[in-house]
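Listing of run_37.pdb; format and content: PDB, C-alpha atoms, pLDDT in the B column.
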MODEL        1
ATOM      1  CA  ARG A   1     -46.018  20.874  68.255  1.00 73.00           C
ATOM      2  CA  SER A   2     -46.258  23.456  71.024  1.00 77.00           C
ATOM      3  CA  VAL A   3     -46.111  27.219  70.602  1.00 80.00           C
ATOM      4  CA  PHE A   4     -45.424  29.562  73.504  1.00 79.00           C
ATOM      5  CA  ALA A   5     -46.984  33.042  73.686  1.00 77.00           C
ATOM      6  CA  VAL A   6     -46.125  36.017  75.917  1.00 75.00           C
ATOM      7  CA  VAL A   7     -48.130  39.245  76.036  1.00 78.00           C
ATOM      8  CA  SER A   8     -46.339  42.510  76.869  1.00 79.00           C
ATOM      9  CA  ASP A   9     -47.291  46.182  77.142  1.00 75.00           C
ATOM     10  CA  GLY A  10     -44.230  47.080  75.090  1.00 73.00           C
ATOM     11  CA  SER A  11     -42.028  48.337  77.895  1.00 74.00           C
ATOM     12  CA  GLN A  12     -38.694  46.751  78.655  1.00 71.00           C
ATOM     13  CA  SER A  13     -39.673  45.892  82.215  1.00 70.00           C
ATOM     14  CA  PRO A  14     -39.980  42.130  82.849  1.00 65.00           C
ATOM     15  CA  THR A  15     -42.863  42.761  85.250  1.00 71.00           C
ATOM     16  CA  ASN A  16     -45.025  44.152  82.427  1.00 75.00           C
ATOM     17  CA  SER A  17     -45.149  40.810  80.556  1.00 77.00           C
ATOM     18  CA  SER A  18     -47.452  37.867  81.097  1.00 77.00           C
ATOM     19  CA  GLN A  19     -46.302  34.406  82.007  1.00 77.00           C
ATOM     20  CA  PRO A  20     -45.586  32.213  78.964  1.00 79.00           C
ATOM     21  CA  VAL A  21     -48.630  30.247  77.823  1.00 84.00           C
ATOM     22  CA  SER A  22     -48.255  27.027  75.868  1.00 84.00           C
ATOM     23  CA  VAL A  23     -50.634  26.262  73.040  1.00 78.00           C
ATOM     24  CA  ARG A  24     -50.570  22.878  71.300  1.00 84.00           C
ATOM     25  CA  VAL A  25     -50.992  23.020  67.528  1.00 80.00           C
ATOM     26  CA  THR A  26     -51.839  19.865  65.609  1.00 81.00           C
ATOM     27  CA  PHE A  27     -51.176  19.584  61.892  1.00 75.00           C
ATOM     28  CA  SER A  28     -53.015  17.079  59.769  1.00 79.00           C
ATOM     29  CA  GLY A  29     -52.043  16.394  56.192  1.00 78.00           C
ATOM     30  CA  VAL A  30     -54.473  16.449  53.306  1.00 82.00           C
ATOM     31  CA  ASN A  31     -54.056  14.008  50.465  1.00 84.00           C
ATOM     32  CA  ASP A  32     -53.129  15.634  47.161  1.00 88.00           C
ATOM     33  CA  ALA A  33     -54.500  13.542  44.315  1.00 91.00           C
ATOM     34  CA  PRO A  34     -52.031  12.385  41.654  1.00 93.00           C
ATOM     35  CA  TYR A  35     -52.294  13.913  38.215  1.00 92.00           C
ATOM     36  CA  ILE A  36     -51.170  13.198  34.656  1.00 91.00           C
ATOM     37  CA  VAL A  37     -48.944  15.405  32.497  1.00 91.00           C
ATOM     38  CA  THR A  38     -49.520  14.575  28.829  1.00 85.00           C
ATOM     39  CA  PRO A  39     -47.304  15.305  25.825  1.00 81.00           C
ATOM     40  CA  THR A  40     -48.284  18.255  23.677  1.00 76.00           C
ATOM     41  CA  ASP A  41     -48.073  16.213  20.472  1.00 73.00           C
ATOM     42  CA  THR A  42     -50.826  13.785  19.540  1.00 72.00           C
ATOM     43  CA  SER A  43     -50.551  10.305  18.080  1.00 77.00           C
ATOM     44  CA  VAL A  44     -51.807   9.823  14.544  1.00 80.00           C
ATOM     45  CA  PHE A  45     -53.514   6.622  13.445  1.00 80.00           C
ATOM     46  CA  VAL A  46     -53.615   6.019   9.700  1.00 81.00           C
ATOM     47  CA  GLU A  47     -56.714   4.236   8.399  1.00 81.00           C
ATOM     48  CA  GLY A  48     -55.899   0.586   7.736  1.00 82.00           C
ATOM     49  CA  GLY A  49     -52.570   0.955   9.505  1.00 85.00           C
ATOM     50  CA  GLU A  50     -50.906  -0.761  12.421  1.00 89.00           C
ATOM     51  CA  ALA A  51     -51.614   0.066  16.057  1.00 90.00           C
ATOM     52  CA  VAL A  52     -49.880   3.255  17.207  1.00 88.00           C
ATOM     53  CA  ALA A  53     -48.507   4.363  20.550  1.00 88.00           C
ATOM     54  CA  LEU A  54     -51.264   6.234  22.341  1.00 86.00           C
ATOM     55  CA  PHE A  55     -48.842   8.741  23.888  1.00 83.00           C
ATOM     56  CA  ASP A  56     -46.179  10.348  21.728  1.00 72.00           C
ATOM     57  CA  GLN A  57     -42.839   9.043  22.983  1.00 72.00           C
ATOM     58  CA  GLN A  58     -40.796  11.691  21.133  1.00 76.00           C
ATOM     59  CA  SER A  59     -42.395  14.230  23.482  1.00 76.00           C
ATOM     60  CA  GLY A  60     -41.441  12.103  26.476  1.00 80.00           C
ATOM     61  CA  GLY A  61     -44.731  10.241  26.897  1.00 87.00           C
ATOM     62  CA  ILE A  62     -46.960  10.874  29.881  1.00 90.00           C
ATOM     63  CA  SER A  63     -45.819  11.565  33.421  1.00 93.00           C
ATOM     64  CA  VAL A  64     -47.696  10.645  36.565  1.00 95.00           C
ATOM     65  CA  VAL A  65     -47.143  13.095  39.426  1.00 94.00           C
ATOM     66  CA  ASP A  66     -48.112  12.715  43.082  1.00 94.00           C
ATOM     67  CA  VAL A  67     -46.621  15.389  45.344  1.00 92.00           C
ATOM     68  CA  ASP A  68     -47.295  13.437  48.537  1.00 91.00           C
ATOM     69  CA  GLY A  69     -46.803   9.816  47.555  1.00 91.00           C
ATOM     70  CA  VAL A  70     -44.796   7.388  45.460  1.00 93.00           C
ATOM     71  CA  MET A  71     -47.289   4.526  45.073  1.00 94.00           C
ATOM     72  CA  LEU A  72     -50.500   4.063  43.085  1.00 95.00           C
ATOM     73  CA  ARG A  73     -53.415   1.703  43.637  1.00 94.00           C
ATOM     74  CA  ASN A  74     -54.984   1.656  40.147  1.00 94.00           C
ATOM     75  CA  ALA A  75     -55.364   3.377  36.790  1.00 95.00           C
ATOM     76  CA  SER A  76     -58.106   3.511  34.149  1.00 95.00           C
ATOM     77  CA  VAL A  77     -57.747   4.513  30.502  1.00 94.00           C
ATOM     78  CA  TRP A  78     -60.711   4.872  28.150  1.00 93.00           C
ATOM     79  CA  ILE A  79     -61.717   6.244  24.752  1.00 89.00           C
ATOM     80  CA  GLU A  80     -64.134   9.168  24.321  1.00 84.00           C
ATOM     81  CA  PRO A  81     -66.577   9.543  22.668  1.00 76.00           C
ATOM     82  CA  GLN A  82     -67.559   5.918  22.928  1.00 72.00           C
ATOM     83  CA  PRO A  83     -66.925   4.454  19.456  1.00 68.00           C
ATOM     84  CA  PRO A  84     -69.041   1.712  17.865  1.00 69.00           C
ATOM     85  CA  MET A  85     -68.723  -1.602  19.677  1.00 67.00           C
ATOM     86  CA  TYR A  86     -65.439  -3.423  19.033  1.00 65.00           C
ATOM     87  CA  SER A  87     -64.101  -0.889  16.544  1.00 83.00           C
ATOM     88  CA  ASP A  88     -61.437   0.654  18.811  1.00 87.00           C
ATOM     89  CA  SER A  89     -58.913  -1.105  21.001  1.00 91.00           C
ATOM     90  CA  LEU A  90     -56.474  -0.064  23.689  1.00 92.00           C
ATOM     91  CA  ILE A  91     -53.693  -2.615  23.968  1.00 92.00           C
ATOM     92  CA  VAL A  92     -50.950  -3.201  26.520  1.00 90.00           C
ATOM     93  CA  PRO A  93     -48.226  -5.682  25.519  1.00 82.00           C
ATOM     94  CA  LEU A  94     -49.062  -8.672  27.734  1.00 67.00           C
ATOM     95  CA  HIS A  95     -45.512  -9.447  28.818  1.00 63.00           C
ATOM     96  CA  LEU A  96     -45.492  -6.134  30.703  1.00 60.00           C
ATOM     97  CA  VAL A  97     -48.337  -7.088  33.012  1.00 58.00           C
ATOM     98  CA  LEU A  98     -48.262 -10.861  33.207  1.00 52.00           C
ATOM     99  CA  ASN A  99     -44.562 -11.349  33.895  1.00 46.00           C
ATOM    100  CA  GLY A 100     -44.057 -10.480  37.549  1.00 43.00           C
ATOM    101  CA  SER A 101     -40.314 -10.051  37.038  1.00 39.00           C
ATOM    102  CA  GLN A 102     -40.977  -7.194  34.620  1.00 46.00           C
ATOM    103  CA  ASN A 103     -43.077  -4.957  36.859  1.00 45.00           C
ATOM    104  CA  GLY A 104     -44.215  -6.793  39.941  1.00 54.00           C
ATOM    105  CA  GLY A 105     -47.349  -8.194  38.338  1.00 69.00           C
ATOM    106  CA  ILE A 106     -49.845  -5.354  37.924  1.00 82.00           C
ATOM    107  CA  THR A 107     -53.259  -6.819  37.128  1.00 84.00           C
ATOM    108  CA  LEU A 108     -54.727  -5.787  33.765  1.00 86.00           C
ATOM    109  CA  SER A 109     -58.328  -6.102  32.647  1.00 88.00           C
ATOM    110  CA  GLY A 110     -59.948  -4.969  29.410  1.00 89.00           C
ATOM    111  CA  ASN A 111     -56.884  -5.459  27.213  1.00 88.00           C
ATOM    112  CA  GLY A 112     -57.945  -5.066  23.581  1.00 88.00           C
ATOM    113  CA  THR A 113     -61.158  -3.223  24.522  1.00 89.00           C
ATOM    114  CA  GLN A 114     -62.126   0.456  24.739  1.00 90.00           C
ATOM    115  CA  ARG A 115     -61.365   0.615  28.480  1.00 92.00           C
ATOM    116  CA  LEU A 116     -58.271  -0.608  30.340  1.00 93.00           C
ATOM    117  CA  TYR A 117     -58.046  -1.054  34.082  1.00 93.00           C
ATOM    118  CA  LEU A 118     -54.737  -1.593  35.873  1.00 91.00           C
ATOM    119  CA  SER A 119     -54.666  -2.493  39.547  1.00 90.00           C
ATOM    120  CA  GLY A 120     -52.228  -3.340  42.298  1.00 89.00           C
ATOM    121  CA  THR A 121     -50.132  -1.329  44.724  1.00 90.00           C
ATOM    122  CA  PHE A 122     -46.977  -0.390  42.835  1.00 90.00           C
ATOM    123  CA  ALA A 123     -44.585   2.513  42.348  1.00 92.00           C
ATOM    124  CA  ILE A 124     -45.707   5.432  40.189  1.00 94.00           C
ATOM    125  CA  SER A 125     -42.793   4.674  37.838  1.00 92.00           C
ATOM    126  CA  THR A 126     -44.193   1.172  37.187  1.00 89.00           C
ATOM    127  CA  TYR A 127     -47.646   2.508  36.298  1.00 91.00           C
ATOM    128  CA  GLN A 128     -46.098   5.258  34.185  1.00 92.00           C
ATOM    129  CA  MET A 129     -43.999   2.738  32.227  1.00 89.00           C
ATOM    130  CA  ILE A 130     -47.065   0.616  31.441  1.00 90.00           C
ATOM    131  CA  LEU A 131     -49.265   3.616  30.558  1.00 92.00           C
ATOM    132  CA  ASN A 132     -46.602   4.752  28.092  1.00 91.00           C
ATOM    133  CA  THR A 133     -46.753   1.403  26.242  1.00 90.00           C
ATOM    134  CA  ILE A 134     -50.497   1.541  25.472  1.00 92.00           C
ATOM    135  CA  LEU A 135     -51.274   1.133  21.781  1.00 92.00           C
ATOM    136  CA  TYR A 136     -54.383   2.339  19.944  1.00 90.00           C
ATOM    137  CA  PHE A 137     -56.034   0.530  17.032  1.00 90.00           C
ATOM    138  CA  THR A 138     -59.312   0.907  15.162  1.00 87.00           C
ATOM    139  CA  ASN A 139     -60.871  -1.067  12.333  1.00 85.00           C
ATOM    140  CA  GLU A 140     -63.260   1.747  11.355  1.00 82.00           C
ATOM    141  CA  ASP A 141     -63.306   2.615   7.660  1.00 79.00           C
ATOM    142  CA  GLU A 142     -63.301   6.329   8.385  1.00 76.00           C
ATOM    143  CA  PRO A 143     -61.849   6.919  11.874  1.00 73.00           C
ATOM    144  CA  VAL A 144     -62.659  10.184  13.603  1.00 77.00           C
ATOM    145  CA  PRO A 145     -60.619  12.016  16.270  1.00 81.00           C
ATOM    146  CA  ARG A 146     -60.852  10.534  19.752  1.00 83.00           C
ATOM    147  CA  ARG A 147     -60.066  11.765  23.242  1.00 85.00           C
ATOM    148  CA  VAL A 148     -58.519   9.523  25.835  1.00 88.00           C
ATOM    149  CA  GLY A 149     -59.464   9.671  29.502  1.00 91.00           C
ATOM    150  CA  ILE A 150     -56.955   8.670  32.181  1.00 93.00           C
ATOM    151  CA  LEU A 151     -57.565   8.364  35.895  1.00 94.00           C
ATOM    152  CA  VAL A 152     -54.968   7.264  38.466  1.00 95.00           C
ATOM    153  CA  GLU A 153     -55.588   6.671  42.153  1.00 95.00           C
ATOM    154  CA  ASP A 154     -53.034   6.755  44.959  1.00 93.00           C
ATOM    155  CA  LEU A 155     -53.103   4.741  48.170  1.00 91.00           C
ATOM    156  CA  GLU A 156     -55.098   7.445  49.964  1.00 87.00           C
ATOM    157  CA  GLY A 157     -57.871   7.338  47.361  1.00 80.00           C
ATOM    158  CA  GLY A 158     -56.954  10.581  45.565  1.00 70.00           C
TER     159      GLY A 158
ENDMDL
END
Go ahead and express the file in the form of structure tokens.
Amino acid sequence: RSVFAVVSDGSQSPTNSSQPVSVRVTFSGVNDAPYIVTPTDTSVFVEGGEAVALFDQQSGGISVVDVDGVMLRNASVWIEPQPPMYSDSLIVPLHLVLNGSQNGGITLSGNGTQRLYLSGTFAISTYQMILNTILYFTNEDEPVPRRVGILVEDLEGG
């Protein structure tokens, strides 16, 4: 983009103004990293109970927002603090990731473990749909509150 500048002494006379000077201005975009909006309500797991949805669907589940893109490259979800080995599980229903006609075939690793990793270049809405299906289960006798970490990465690495 070019901007033209003229300097004048303030009088109305055309002879008191400089010749127009062109200045080229270059704009370069900066990647804005995607972020997660989580529901305000928390999921409650009852000791000895069935797996529960990790993100409360009555509050609308989670939303993935990227102000400068519509595609993601990967996502990670993990449990904090790290529970005893094999006591906690994050679970994605397999038909959502293995059936390409459902979502384009996002690759899932770590299903049934304490850390999930989703990968593949797909629309934010596809990742968001899968993230909202994650279930939590523990076989601990006396479960304690947990935090869940989520990281999503767009095509520009943000």
Polymer residues at most 9 Å from Asn31 (chain A), all atoms listed in the file, same-chain spacing of 2 or more positions, as a PyMOL selection string: chain A and resi 29+33+68-69+156-158
Store the residues picked out above in a file with C-alpha atoms, as a compact mmCIF listing (two decimals), in the coordinates of the input.
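Okay, out_36.txt is ready:
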# COMPACT_ATOMS: atom_id res chain seq x y z
CA GLY A 29 -52.04 16.39 56.19
CA ALA A 33 -54.50 13.54 44.32
CA ASP A 68 -47.30 13.44 48.54
CA GLY A 69 -46.80 9.82 47.56
CA GLU A 156 -55.10 7.44 49.96
CA GLY A 157 -57.87 7.34 47.36
CA GLY A 158 -56.95 10.58 45.56
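Closest to Pro145 (chain A) among A:Ser63, A:Gln114, A:Thr42, A:Thr107 is A:Thr42, based on only C-alpha atoms.
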May I ask which of the residues A:Val44, A:Gly60, A:Ser125, A:Ala51 is the closest one to Arg146 (chain A), counting all atoms listed in the file?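 Closest candidate: A:Val44.
In this structure, CA of Thr113 (chain A) sits 8.8 Å away from CA of Ser87 (chain A).
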What is the distance between CA of Val52 (chain A) and CA of Gln82 (chain A), in Å to one decimal?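 Going from CA of Val52 (chain A) over to CA of Gln82 (chain A) covers 18.8 Å.
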